[in-house]
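Structure file start-v7.cif; described as mmCIF, N, CA and C atoms.
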```
data_structure
loop_
_atom_site.label_atom_id
_atom_site.label_comp_id
_atom_site.auth_asym_id
_atom_site.auth_seq_id
_atom_site.Cartn_x
_atom_site.Cartn_y
_atom_site.Cartn_z
N VAL K 257 -13.84 -11.22 1.81
CA VAL K 257 -12.98 -10.05 1.71
C VAL K 257 -12.15 -10.15 0.45
N GLN K 258 -12.23 -9.12 -0.37
CA GLN K 258 -11.41 -9.08 -1.57
C GLN K 258 -10.75 -7.71 -1.68
N LEU K 259 -9.45 -7.75 -1.92
CA LEU K 259 -8.68 -6.52 -2.11
C LEU K 259 -7.92 -6.61 -3.42
N GLN K 260 -7.87 -5.52 -4.15
CA GLN K 260 -7.20 -5.51 -5.44
C GLN K 260 -6.35 -4.26 -5.54
N ALA K 261 -5.05 -4.46 -5.72
CA ALA K 261 -4.14 -3.33 -5.91
C ALA K 261 -3.97 -3.06 -7.40
N SER K 262 -3.83 -1.78 -7.73
CA SER K 262 -3.63 -1.38 -9.12
C SER K 262 -2.84 -0.07 -9.18
N GLY K 263 -2.40 0.28 -10.38
CA GLY K 263 -1.72 1.55 -10.57
C GLY K 263 -0.22 1.46 -10.75
N GLY K 264 0.32 0.26 -10.68
CA GLY K 264 1.75 0.11 -10.85
C GLY K 264 2.19 0.35 -12.28
N GLY K 265 3.49 0.35 -12.49
CA GLY K 265 4.02 0.56 -13.82
C GLY K 265 5.50 0.86 -13.77
N LEU K 266 6.00 1.29 -14.90
CA LEU K 266 7.42 1.64 -15.04
C LEU K 266 7.56 3.15 -14.92
N VAL K 267 8.46 3.58 -14.06
CA VAL K 267 8.68 5.01 -13.86
C VAL K 267 10.16 5.26 -13.67
N GLN K 268 10.61 6.43 -14.09
CA GLN K 268 12.01 6.78 -13.93
C GLN K 268 12.29 7.22 -12.49
N PRO K 269 13.52 7.08 -12.06
CA PRO K 269 13.88 7.58 -10.71
C PRO K 269 13.49 9.05 -10.57
N GLY K 270 12.92 9.35 -9.41
CA GLY K 270 12.43 10.71 -9.16
C GLY K 270 11.00 10.92 -9.56
N GLY K 271 10.43 9.96 -10.25
CA GLY K 271 9.05 10.07 -10.70
C GLY K 271 8.04 9.70 -9.63
N SER K 272 6.77 9.72 -10.03
CA SER K 272 5.67 9.47 -9.10
C SER K 272 4.68 8.46 -9.67
N LEU K 273 4.02 7.77 -8.78
CA LEU K 273 2.92 6.88 -9.12
C LEU K 273 1.90 6.94 -7.99
N ARG K 274 0.65 6.68 -8.33
CA ARG K 274 -0.37 6.54 -7.30
C ARG K 274 -1.01 5.17 -7.42
N LEU K 275 -0.88 4.41 -6.37
CA LEU K 275 -1.49 3.09 -6.32
C LEU K 275 -2.87 3.19 -5.69
N SER K 276 -3.75 2.29 -6.12
CA SER K 276 -5.09 2.21 -5.55
C SER K 276 -5.34 0.81 -5.03
N CYS K 277 -6.07 0.74 -3.95
CA CYS K 277 -6.49 -0.54 -3.37
C CYS K 277 -8.00 -0.50 -3.26
N THR K 278 -8.64 -1.33 -4.04
CA THR K 278 -10.10 -1.37 -4.05
C THR K 278 -10.58 -2.61 -3.31
N ALA K 279 -11.56 -2.40 -2.46
CA ALA K 279 -12.05 -3.49 -1.64
C ALA K 279 -13.49 -3.83 -2.00
N SER K 280 -13.82 -5.09 -1.80
CA SER K 280 -15.20 -5.51 -2.04
C SER K 280 -15.54 -6.65 -1.10
N ARG K 281 -16.81 -6.87 -0.95
CA ARG K 281 -17.34 -7.98 -0.16
C ARG K 281 -17.07 -7.85 1.33
N PHE K 282 -16.84 -6.64 1.82
CA PHE K 282 -16.80 -6.43 3.26
C PHE K 282 -17.02 -4.96 3.56
N THR K 283 -17.28 -4.66 4.81
CA THR K 283 -17.55 -3.29 5.23
C THR K 283 -16.22 -2.57 5.35
N PHE K 284 -15.84 -1.91 4.30
CA PHE K 284 -14.51 -1.36 4.16
C PHE K 284 -14.12 -0.44 5.31
N GLU K 285 -15.01 0.40 5.72
CA GLU K 285 -14.64 1.42 6.72
C GLU K 285 -14.33 0.82 8.08
N HIS K 286 -14.60 -0.45 8.26
CA HIS K 286 -14.30 -1.11 9.53
C HIS K 286 -12.90 -1.71 9.57
N TYR K 287 -12.18 -1.62 8.46
CA TYR K 287 -10.89 -2.31 8.37
C TYR K 287 -9.73 -1.34 8.22
N THR K 288 -8.70 -1.59 8.99
CA THR K 288 -7.44 -0.91 8.80
C THR K 288 -6.71 -1.55 7.63
N ILE K 289 -6.21 -0.71 6.73
CA ILE K 289 -5.59 -1.20 5.50
C ILE K 289 -4.12 -0.80 5.45
N ALA K 290 -3.30 -1.73 5.03
CA ALA K 290 -1.86 -1.48 4.91
C ALA K 290 -1.38 -1.81 3.51
N TRP K 291 -0.26 -1.23 3.18
CA TRP K 291 0.49 -1.61 1.97
C TRP K 291 1.79 -2.27 2.41
N PHE K 292 2.13 -3.37 1.74
CA PHE K 292 3.45 -3.93 1.91
C PHE K 292 3.98 -4.27 0.52
N ARG K 293 5.28 -4.52 0.44
CA ARG K 293 5.89 -4.81 -0.85
C ARG K 293 6.84 -5.98 -0.74
N GLN K 294 7.04 -6.61 -1.87
CA GLN K 294 7.92 -7.77 -1.95
C GLN K 294 8.77 -7.64 -3.20
N ALA K 295 10.06 -7.50 -2.98
CA ALA K 295 10.99 -7.44 -4.10
C ALA K 295 11.64 -8.81 -4.28
N PRO K 296 12.08 -9.15 -5.48
CA PRO K 296 12.70 -10.46 -5.71
C PRO K 296 13.90 -10.67 -4.80
N GLY K 297 13.91 -11.80 -4.12
CA GLY K 297 15.03 -12.13 -3.26
C GLY K 297 15.08 -11.39 -1.94
N LYS K 298 14.05 -10.60 -1.66
CA LYS K 298 14.05 -9.83 -0.42
C LYS K 298 12.83 -10.20 0.44
N GLU K 299 12.94 -9.90 1.70
CA GLU K 299 11.82 -10.15 2.61
C GLU K 299 10.70 -9.15 2.38
N ARG K 300 9.51 -9.56 2.75
CA ARG K 300 8.37 -8.65 2.69
C ARG K 300 8.62 -7.44 3.58
N GLU K 301 8.25 -6.29 3.10
CA GLU K 301 8.51 -5.04 3.83
C GLU K 301 7.22 -4.23 3.96
N GLY K 302 6.89 -3.85 5.17
CA GLY K 302 5.74 -2.99 5.40
C GLY K 302 6.03 -1.60 4.87
N VAL K 303 5.08 -1.03 4.14
CA VAL K 303 5.28 0.28 3.54
C VAL K 303 4.50 1.36 4.28
N SER K 304 3.21 1.10 4.47
CA SER K 304 2.36 2.12 5.09
C SER K 304 1.08 1.49 5.58
N CYS K 305 0.39 2.23 6.46
CA CYS K 305 -0.85 1.73 7.02
C CYS K 305 -1.72 2.92 7.41
N ILE K 306 -3.04 2.74 7.30
CA ILE K 306 -3.95 3.80 7.72
C ILE K 306 -5.03 3.19 8.59
N SER K 307 -5.18 3.76 9.77
CA SER K 307 -6.11 3.22 10.75
C SER K 307 -7.55 3.60 10.42
N THR K 308 -8.46 2.69 10.74
CA THR K 308 -9.87 2.99 10.56
C THR K 308 -10.44 3.68 11.80
N VAL K 309 -9.70 3.62 12.90
CA VAL K 309 -10.20 4.18 14.16
C VAL K 309 -10.14 5.70 14.14
N ASP K 310 -8.95 6.23 13.87
CA ASP K 310 -8.80 7.69 13.93
C ASP K 310 -8.09 8.26 12.70
N GLY K 311 -7.88 7.41 11.70
CA GLY K 311 -7.22 7.89 10.49
C GLY K 311 -5.73 8.05 10.62
N SER K 312 -5.16 7.55 11.72
CA SER K 312 -3.71 7.64 11.90
C SER K 312 -3.00 6.92 10.77
N THR K 313 -1.85 7.46 10.40
CA THR K 313 -1.07 6.86 9.33
C THR K 313 0.32 6.47 9.83
N TYR K 314 0.87 5.44 9.22
CA TYR K 314 2.18 4.93 9.60
C TYR K 314 2.97 4.65 8.33
N TYR K 315 4.27 4.86 8.42
CA TYR K 315 5.12 4.66 7.26
C TYR K 315 6.40 3.94 7.64
N GLY K 316 6.87 3.10 6.72
CA GLY K 316 8.18 2.50 6.92
C GLY K 316 9.26 3.55 6.79
N ASN K 317 10.38 3.33 7.45
CA ASN K 317 11.44 4.33 7.46
C ASN K 317 11.94 4.65 6.05
N SER K 318 11.94 3.66 5.19
CA SER K 318 12.49 3.86 3.86
C SER K 318 11.61 4.72 2.95
N VAL K 319 10.35 4.94 3.34
CA VAL K 319 9.45 5.70 2.49
C VAL K 319 8.93 6.98 3.14
N LYS K 320 9.28 7.20 4.38
CA LYS K 320 8.82 8.41 5.07
C LYS K 320 9.23 9.66 4.32
N GLY K 321 8.27 10.57 4.20
CA GLY K 321 8.54 11.83 3.50
C GLY K 321 8.37 11.73 2.00
N ARG K 322 8.21 10.53 1.48
CA ARG K 322 8.04 10.36 0.03
C ARG K 322 6.68 9.78 -0.34
N PHE K 323 6.15 8.92 0.50
CA PHE K 323 4.88 8.25 0.24
C PHE K 323 3.80 8.83 1.16
N THR K 324 2.57 8.85 0.64
CA THR K 324 1.42 9.31 1.43
C THR K 324 0.26 8.35 1.23
N ILE K 325 -0.29 7.88 2.33
CA ILE K 325 -1.44 6.97 2.27
C ILE K 325 -2.71 7.76 2.61
N SER K 326 -3.80 7.41 1.95
CA SER K 326 -5.08 8.05 2.24
C SER K 326 -6.19 7.06 1.90
N ARG K 327 -7.39 7.37 2.35
CA ARG K 327 -8.50 6.46 2.07
C ARG K 327 -9.76 7.26 1.76
N ASP K 328 -10.60 6.66 0.94
CA ASP K 328 -11.91 7.20 0.61
C ASP K 328 -12.92 6.09 0.91
N ASN K 329 -13.51 6.15 2.08
CA ASN K 329 -14.42 5.08 2.49
C ASN K 329 -15.64 4.99 1.58
N ALA K 330 -16.09 6.12 1.07
CA ALA K 330 -17.26 6.10 0.19
C ALA K 330 -17.00 5.29 -1.07
N LYS K 331 -15.74 5.26 -1.49
CA LYS K 331 -15.38 4.50 -2.68
C LYS K 331 -14.68 3.19 -2.34
N SER K 332 -14.60 2.88 -1.04
CA SER K 332 -13.92 1.64 -0.60
C SER K 332 -12.53 1.52 -1.22
N THR K 333 -11.81 2.60 -1.16
CA THR K 333 -10.50 2.64 -1.81
C THR K 333 -9.46 3.30 -0.89
N VAL K 334 -8.28 2.72 -0.89
CA VAL K 334 -7.12 3.30 -0.23
C VAL K 334 -6.10 3.63 -1.30
N PHE K 335 -5.47 4.79 -1.16
CA PHE K 335 -4.49 5.24 -2.13
C PHE K 335 -3.10 5.28 -1.50
N LEU K 336 -2.10 5.07 -2.33
CA LEU K 336 -0.71 5.26 -1.92
C LEU K 336 -0.05 6.15 -2.96
N GLN K 337 0.16 7.40 -2.60
CA GLN K 337 0.86 8.32 -3.48
C GLN K 337 2.35 8.17 -3.24
N MET K 338 3.07 7.85 -4.29
CA MET K 338 4.50 7.60 -4.18
C MET K 338 5.26 8.64 -5.00
N ASN K 339 6.04 9.45 -4.33
CA ASN K 339 6.81 10.49 -4.98
C ASN K 339 8.31 10.23 -4.82
N ASN K 340 9.08 10.89 -5.66
CA ASN K 340 10.55 10.76 -5.60
C ASN K 340 10.96 9.28 -5.54
N LEU K 341 10.43 8.51 -6.44
CA LEU K 341 10.69 7.07 -6.43
C LEU K 341 12.15 6.77 -6.72
N ARG K 342 12.62 5.70 -6.09
CA ARG K 342 14.00 5.25 -6.22
C ARG K 342 14.04 3.85 -6.78
N PRO K 343 15.14 3.43 -7.38
CA PRO K 343 15.23 2.06 -7.89
C PRO K 343 14.95 1.02 -6.81
N GLU K 344 15.32 1.30 -5.59
CA GLU K 344 15.08 0.34 -4.50
C GLU K 344 13.61 0.23 -4.10
N ASP K 345 12.76 1.07 -4.67
CA ASP K 345 11.32 0.94 -4.44
C ASP K 345 10.70 -0.11 -5.38
N THR K 346 11.47 -0.61 -6.31
CA THR K 346 10.98 -1.62 -7.23
C THR K 346 10.53 -2.87 -6.48
N ALA K 347 9.29 -3.26 -6.69
CA ALA K 347 8.72 -4.41 -5.97
C ALA K 347 7.29 -4.61 -6.45
N VAL K 348 6.72 -5.72 -6.04
CA VAL K 348 5.27 -5.91 -6.17
C VAL K 348 4.63 -5.36 -4.90
N TYR K 349 3.67 -4.50 -5.06
CA TYR K 349 3.00 -3.85 -3.94
C TYR K 349 1.63 -4.49 -3.72
N TYR K 350 1.35 -4.80 -2.46
CA TYR K 350 0.09 -5.41 -2.09
C TYR K 350 -0.61 -4.55 -1.04
N CYS K 351 -1.93 -4.57 -1.06
CA CYS K 351 -2.69 -3.98 0.03
C CYS K 351 -3.34 -5.11 0.81
N ALA K 352 -3.48 -4.89 2.10
CA ALA K 352 -3.95 -5.96 2.96
C ALA K 352 -4.67 -5.37 4.17
N THR K 353 -5.51 -6.20 4.78
CA THR K 353 -6.06 -5.81 6.08
C THR K 353 -4.96 -6.00 7.13
N ASP K 354 -4.93 -5.11 8.10
CA ASP K 354 -3.84 -5.12 9.09
C ASP K 354 -4.34 -4.49 10.40
N PRO K 355 -5.08 -5.26 11.18
CA PRO K 355 -5.64 -4.72 12.43
C PRO K 355 -4.57 -4.11 13.33
N GLY K 356 -4.75 -2.88 13.71
CA GLY K 356 -3.81 -2.23 14.59
C GLY K 356 -2.53 -1.75 13.92
N CYS K 357 -2.45 -1.90 12.61
CA CYS K 357 -1.23 -1.52 11.88
C CYS K 357 0.01 -2.14 12.53
N GLU K 358 -0.06 -3.42 12.78
CA GLU K 358 1.04 -4.13 13.43
C GLU K 358 1.80 -5.02 12.47
N GLY K 359 1.48 -4.95 11.20
CA GLY K 359 2.18 -5.81 10.24
C GLY K 359 1.70 -7.24 10.27
N LYS K 360 0.54 -7.47 10.86
CA LYS K 360 -0.04 -8.81 10.89
C LYS K 360 -1.15 -8.86 9.84
N TYR K 361 -0.72 -9.08 8.62
CA TYR K 361 -1.62 -8.98 7.49
C TYR K 361 -2.60 -10.14 7.48
N GLY K 362 -3.85 -9.78 7.26
CA GLY K 362 -4.90 -10.79 7.22
C GLY K 362 -5.20 -11.22 5.80
N LYS K 363 -5.94 -10.41 5.08
CA LYS K 363 -6.32 -10.72 3.72
C LYS K 363 -5.60 -9.78 2.75
N TRP K 364 -5.16 -10.31 1.64
CA TRP K 364 -4.65 -9.49 0.56
C TRP K 364 -4.92 -10.16 -0.77
N GLY K 365 -4.89 -9.37 -1.80
CA GLY K 365 -5.18 -9.90 -3.12
C GLY K 365 -3.97 -9.80 -4.02
N GLN K 366 -4.25 -9.75 -5.30
CA GLN K 366 -3.18 -9.66 -6.28
C GLN K 366 -2.48 -8.31 -6.16
N GLY K 367 -1.17 -8.30 -6.25
CA GLY K 367 -0.40 -7.09 -6.13
C GLY K 367 -0.24 -6.39 -7.47
N THR K 368 0.45 -5.26 -7.41
CA THR K 368 0.73 -4.51 -8.62
C THR K 368 2.23 -4.20 -8.66
N LEU K 369 2.83 -4.39 -9.83
CA LEU K 369 4.28 -4.27 -9.96
C LEU K 369 4.67 -2.82 -10.21
N VAL K 370 5.61 -2.35 -9.41
CA VAL K 370 6.21 -1.03 -9.59
C VAL K 370 7.67 -1.23 -9.95
N THR K 371 8.07 -0.66 -11.07
CA THR K 371 9.46 -0.76 -11.51
C THR K 371 10.01 0.65 -11.67
N VAL K 372 11.08 0.93 -10.94
CA VAL K 372 11.71 2.25 -11.01
C VAL K 372 13.07 2.07 -11.68
N SER K 373 13.16 2.57 -12.88
CA SER K 373 14.37 2.36 -13.67
C SER K 373 14.48 3.42 -14.75
N SER K 374 15.72 3.76 -15.07
CA SER K 374 15.95 4.70 -16.16
C SER K 374 16.21 3.96 -17.47
#
```

Encoding of this model in structure tokens:
Amino acid sequence: VQLQASGGGLVQPGGSLRLSCTASRFTFEHYTIAWFRQAPGKEREGVSCISTVDGSTYYGNSVKGRFTISRDNAKSTVFLQMNNLRPEDTAVYYCATDPGCEGKYGKWGQGTLVTVSS
């Protein structure tokens, strides 16, 4: 199982970014995929998750209404559209397998850095 997050960068407050999570070496459509983030000096925080069973989506309270998760099984890719970004969203973002969207991350790869600053 290999997962690779990409799409991070520097953005001003109020701006948008779309992160991508590309998977390889496993049957992607069988796996529930989540995004979590890690900011310096802070605990890991679950951001969002999308179920492989029925496509249900879940969001952390801090990102509800601003972030949208989606998946394209044909391309083995999960997206995280992030709008109205805030400085507190600054972190390294990772995608991971997460059976049941319970925050019990299995496999994850290299993250992508998102910096929200003016």

Point-to-point distance from CA of Asp345 in chain K to atom C of Arg327 in chain K, Å rounded to tenths: 22.9 Å

Which neighbours of range 267-280 of chain K fall inside 8 Å, counting only N, CA and C atoms, when residues of the same chain fewer than 5 positions from it are skipped, and could you give them as a PDB file with N, CA and C atoms, keeping the file's coordinate frame?
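around.pdb was written with the following content:
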```pdb
ATOM      1  N   VAL K 257     -13.840 -11.220   1.810  1.00  0.00           N
ATOM      2  CA  VAL K 257     -12.980 -10.050   1.710  1.00  0.00           C
ATOM      3  C   VAL K 257     -12.150 -10.150   0.450  1.00  0.00           C
ATOM      4  N   GLN K 258     -12.230  -9.120  -0.370  1.00  0.00           N
ATOM      5  CA  GLN K 258     -11.410  -9.080  -1.570  1.00  0.00           C
ATOM      6  C   GLN K 258     -10.750  -7.710  -1.680  1.00  0.00           C
ATOM      7  N   LEU K 259      -9.450  -7.750  -1.920  1.00  0.00           N
ATOM      8  CA  LEU K 259      -8.680  -6.520  -2.110  1.00  0.00           C
ATOM      9  C   LEU K 259      -7.920  -6.610  -3.420  1.00  0.00           C
ATOM     10  N   GLN K 260      -7.870  -5.520  -4.150  1.00  0.00           N
ATOM     11  CA  GLN K 260      -7.200  -5.510  -5.440  1.00  0.00           C
ATOM     12  C   GLN K 260      -6.350  -4.260  -5.540  1.00  0.00           C
ATOM     13  N   ALA K 261      -5.050  -4.460  -5.720  1.00  0.00           N
ATOM     14  CA  ALA K 261      -4.140  -3.330  -5.910  1.00  0.00           C
ATOM     15  C   ALA K 261      -3.970  -3.060  -7.400  1.00  0.00           C
ATOM     16  N   SER K 262      -3.830  -1.780  -7.730  1.00  0.00           N
ATOM     17  CA  SER K 262      -3.630  -1.380  -9.120  1.00  0.00           C
ATOM     18  C   SER K 262      -2.840  -0.070  -9.180  1.00  0.00           C
ATOM     19  N   LYS K 331     -15.740   5.260  -1.490  1.00  0.00           N
ATOM     20  CA  LYS K 331     -15.380   4.500  -2.680  1.00  0.00           C
ATOM     21  C   LYS K 331     -14.680   3.190  -2.340  1.00  0.00           C
ATOM     22  N   SER K 332     -14.600   2.880  -1.040  1.00  0.00           N
ATOM     23  CA  SER K 332     -13.920   1.640  -0.600  1.00  0.00           C
ATOM     24  C   SER K 332     -12.530   1.520  -1.220  1.00  0.00           C
ATOM     25  N   THR K 333     -11.810   2.600  -1.160  1.00  0.00           N
ATOM     26  CA  THR K 333     -10.500   2.640  -1.810  1.00  0.00           C
ATOM     27  C   THR K 333      -9.460   3.300  -0.890  1.00  0.00           C
ATOM     28  N   VAL K 334      -8.280   2.720  -0.890  1.00  0.00           N
ATOM     29  CA  VAL K 334      -7.120   3.300  -0.230  1.00  0.00           C
ATOM     30  C   VAL K 334      -6.100   3.630  -1.300  1.00  0.00           C
ATOM     31  N   PHE K 335      -5.470   4.790  -1.160  1.00  0.00           N
ATOM     32  CA  PHE K 335      -4.490   5.240  -2.130  1.00  0.00           C
ATOM     33  C   PHE K 335      -3.100   5.280  -1.500  1.00  0.00           C
ATOM     34  N   LEU K 336      -2.100   5.070  -2.330  1.00  0.00           N
ATOM     35  CA  LEU K 336      -0.710   5.260  -1.920  1.00  0.00           C
ATOM     36  C   LEU K 336      -0.050   6.150  -2.960  1.00  0.00           C
ATOM     37  N   GLN K 337       0.160   7.400  -2.600  1.00  0.00           N
ATOM     38  CA  GLN K 337       0.860   8.320  -3.480  1.00  0.00           C
ATOM     39  C   GLN K 337       2.350   8.170  -3.240  1.00  0.00           C
ATOM     40  N   MET K 338       3.070   7.850  -4.290  1.00  0.00           N
ATOM     41  CA  MET K 338       4.500   7.600  -4.180  1.00  0.00           C
ATOM     42  C   MET K 338       5.260   8.640  -5.000  1.00  0.00           C
ATOM     43  N   ASN K 339       6.040   9.450  -4.330  1.00  0.00           N
ATOM     44  CA  ASN K 339       6.810  10.490  -4.980  1.00  0.00           C
ATOM     45  C   ASN K 339       8.310  10.230  -4.820  1.00  0.00           C
ATOM     46  N   ASN K 340       9.080  10.890  -5.660  1.00  0.00           N
ATOM     47  CA  ASN K 340      10.550  10.760  -5.600  1.00  0.00           C
ATOM     48  C   ASN K 340      10.960   9.280  -5.540  1.00  0.00           C
ATOM     49  N   LEU K 341      10.430   8.510  -6.440  1.00  0.00           N
ATOM     50  CA  LEU K 341      10.690   7.070  -6.430  1.00  0.00           C
ATOM     51  C   LEU K 341      12.150   6.770  -6.720  1.00  0.00           C
ATOM     52  N   ARG K 342      12.620   5.700  -6.090  1.00  0.00           N
ATOM     53  CA  ARG K 342      14.000   5.250  -6.220  1.00  0.00           C
ATOM     54  C   ARG K 342      14.040   3.850  -6.780  1.00  0.00           C
ATOM     55  N   PRO K 343      15.140   3.430  -7.380  1.00  0.00           N
ATOM     56  CA  PRO K 343      15.230   2.060  -7.890  1.00  0.00           C
ATOM     57  C   PRO K 343      14.950   1.020  -6.810  1.00  0.00           C
ATOM     58  N   TYR K 350       1.350  -4.800  -2.460  1.00  0.00           N
ATOM     59  CA  TYR K 350       0.090  -5.410  -2.090  1.00  0.00           C
ATOM     60  C   TYR K 350      -0.610  -4.550  -1.040  1.00  0.00           C
ATOM     61  N   CYS K 351      -1.930  -4.570  -1.060  1.00  0.00           N
ATOM     62  CA  CYS K 351      -2.690  -3.980   0.030  1.00  0.00           C
ATOM     63  C   CYS K 351      -3.340  -5.110   0.810  1.00  0.00           C
ATOM     64  N   ALA K 352      -3.480  -4.890   2.100  1.00  0.00           N
ATOM     65  CA  ALA K 352      -3.950  -5.960   2.960  1.00  0.00           C
ATOM     66  C   ALA K 352      -4.670  -5.370   4.170  1.00  0.00           C
ATOM     67  N   VAL K 370       5.610  -2.350  -9.410  1.00  0.00           N
ATOM     68  CA  VAL K 370       6.210  -1.030  -9.590  1.00  0.00           C
ATOM     69  C   VAL K 370       7.670  -1.230  -9.950  1.00  0.00           C
ATOM     70  N   THR K 371       8.070  -0.660 -11.070  1.00  0.00           N
ATOM     71  CA  THR K 371       9.460  -0.760 -11.510  1.00  0.00           C
ATOM     72  C   THR K 371      10.010   0.650 -11.670  1.00  0.00           C
ATOM     73  N   VAL K 372      11.080   0.930 -10.940  1.00  0.00           N
ATOM     74  CA  VAL K 372      11.710   2.250 -11.010  1.00  0.00           C
ATOM     75  C   VAL K 372      13.070   2.070 -11.680  1.00  0.00           C
ATOM     76  N   SER K 373      13.160   2.570 -12.880  1.00  0.00           N
ATOM     77  CA  SER K 373      14.370   2.360 -13.670  1.00  0.00           C
ATOM     78  C   SER K 373      14.480   3.420 -14.750  1.00  0.00           C
ATOM     79  N   SER K 374      15.720   3.760 -15.070  1.00  0.00           N
ATOM     80  CA  SER K 374      15.950   4.700 -16.160  1.00  0.00           C
ATOM     81  C   SER K 374      16.210   3.960 -17.470  1.00  0.00           C
TER      82      SER K 374
END
```

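Coordinates place CA of Ser307 in chain K at a distance of 26.2 Å from atom C of Ala295 in chain K.
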
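Taking CA of Lys363 in chain K and CA of Asn317 in chain K as the two end points, the separation is 23.6 Å.
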
Which of range 291-368 of chain K fall in helix (DSSP H, G or I), as JSON, numbers by chain: {"K": [329, 330, 331, 343, 344, 345, 355, 356, 357]}

DSSP strand (DSSP E or B) residues within chain K, as a ChimeraX atom specification: /K:258-262,265-267,273-280,289-294,301-306,313-315,323-328,333-338,347-353,364,368-372

Nearest-residue call for Ala347 in chain K, choices K:Arg293, K:Val309, K:Phe323, K:Lys298, using only N, CA and C atoms: K:Arg293

Each side padded by 8 Å, which centre and which edge lengths in Å (one decimal) define the axis-aligned box around the listed atoms of range 371-374 of chain K? Give them as AutoDock Vina command-line options.
```
--center_x 12.1 --center_y 2.0 --center_z -14.2 --size_x 24.1 --size_y 21.5 --size_z 22.5
```

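Note on the selection: in this file the PyMOL selection byres ((chain K and resi 291) around 6.5) comes out as Ile289, Ala290, Phe292, Arg293, Glu301, Gly302, Val303, Ser304, Cys305, Ile306, Tyr349, Tyr350, Cys351 and Ala352 of chain K.
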
Residue nearest Thr346 in chain K among K:Leu369, K:Glu299, K:Gly311, K:Ala330 (counting only N, CA and C atoms): K:Leu369

Target residues per the PyMOL selection byres ((chain K and resi 287) around 6.5), formatted as JSON, numbers by chain: {"K": [283, 284, 285, 286, 288, 289, 307, 308, 353, 354]}

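In terms of minimum interatomic distance to Thr313 in chain K, K:Cys357 ranks closest within K:Glu344, K:Cys357, K:Arg300, K:Gly362, counting only C-alpha atoms.
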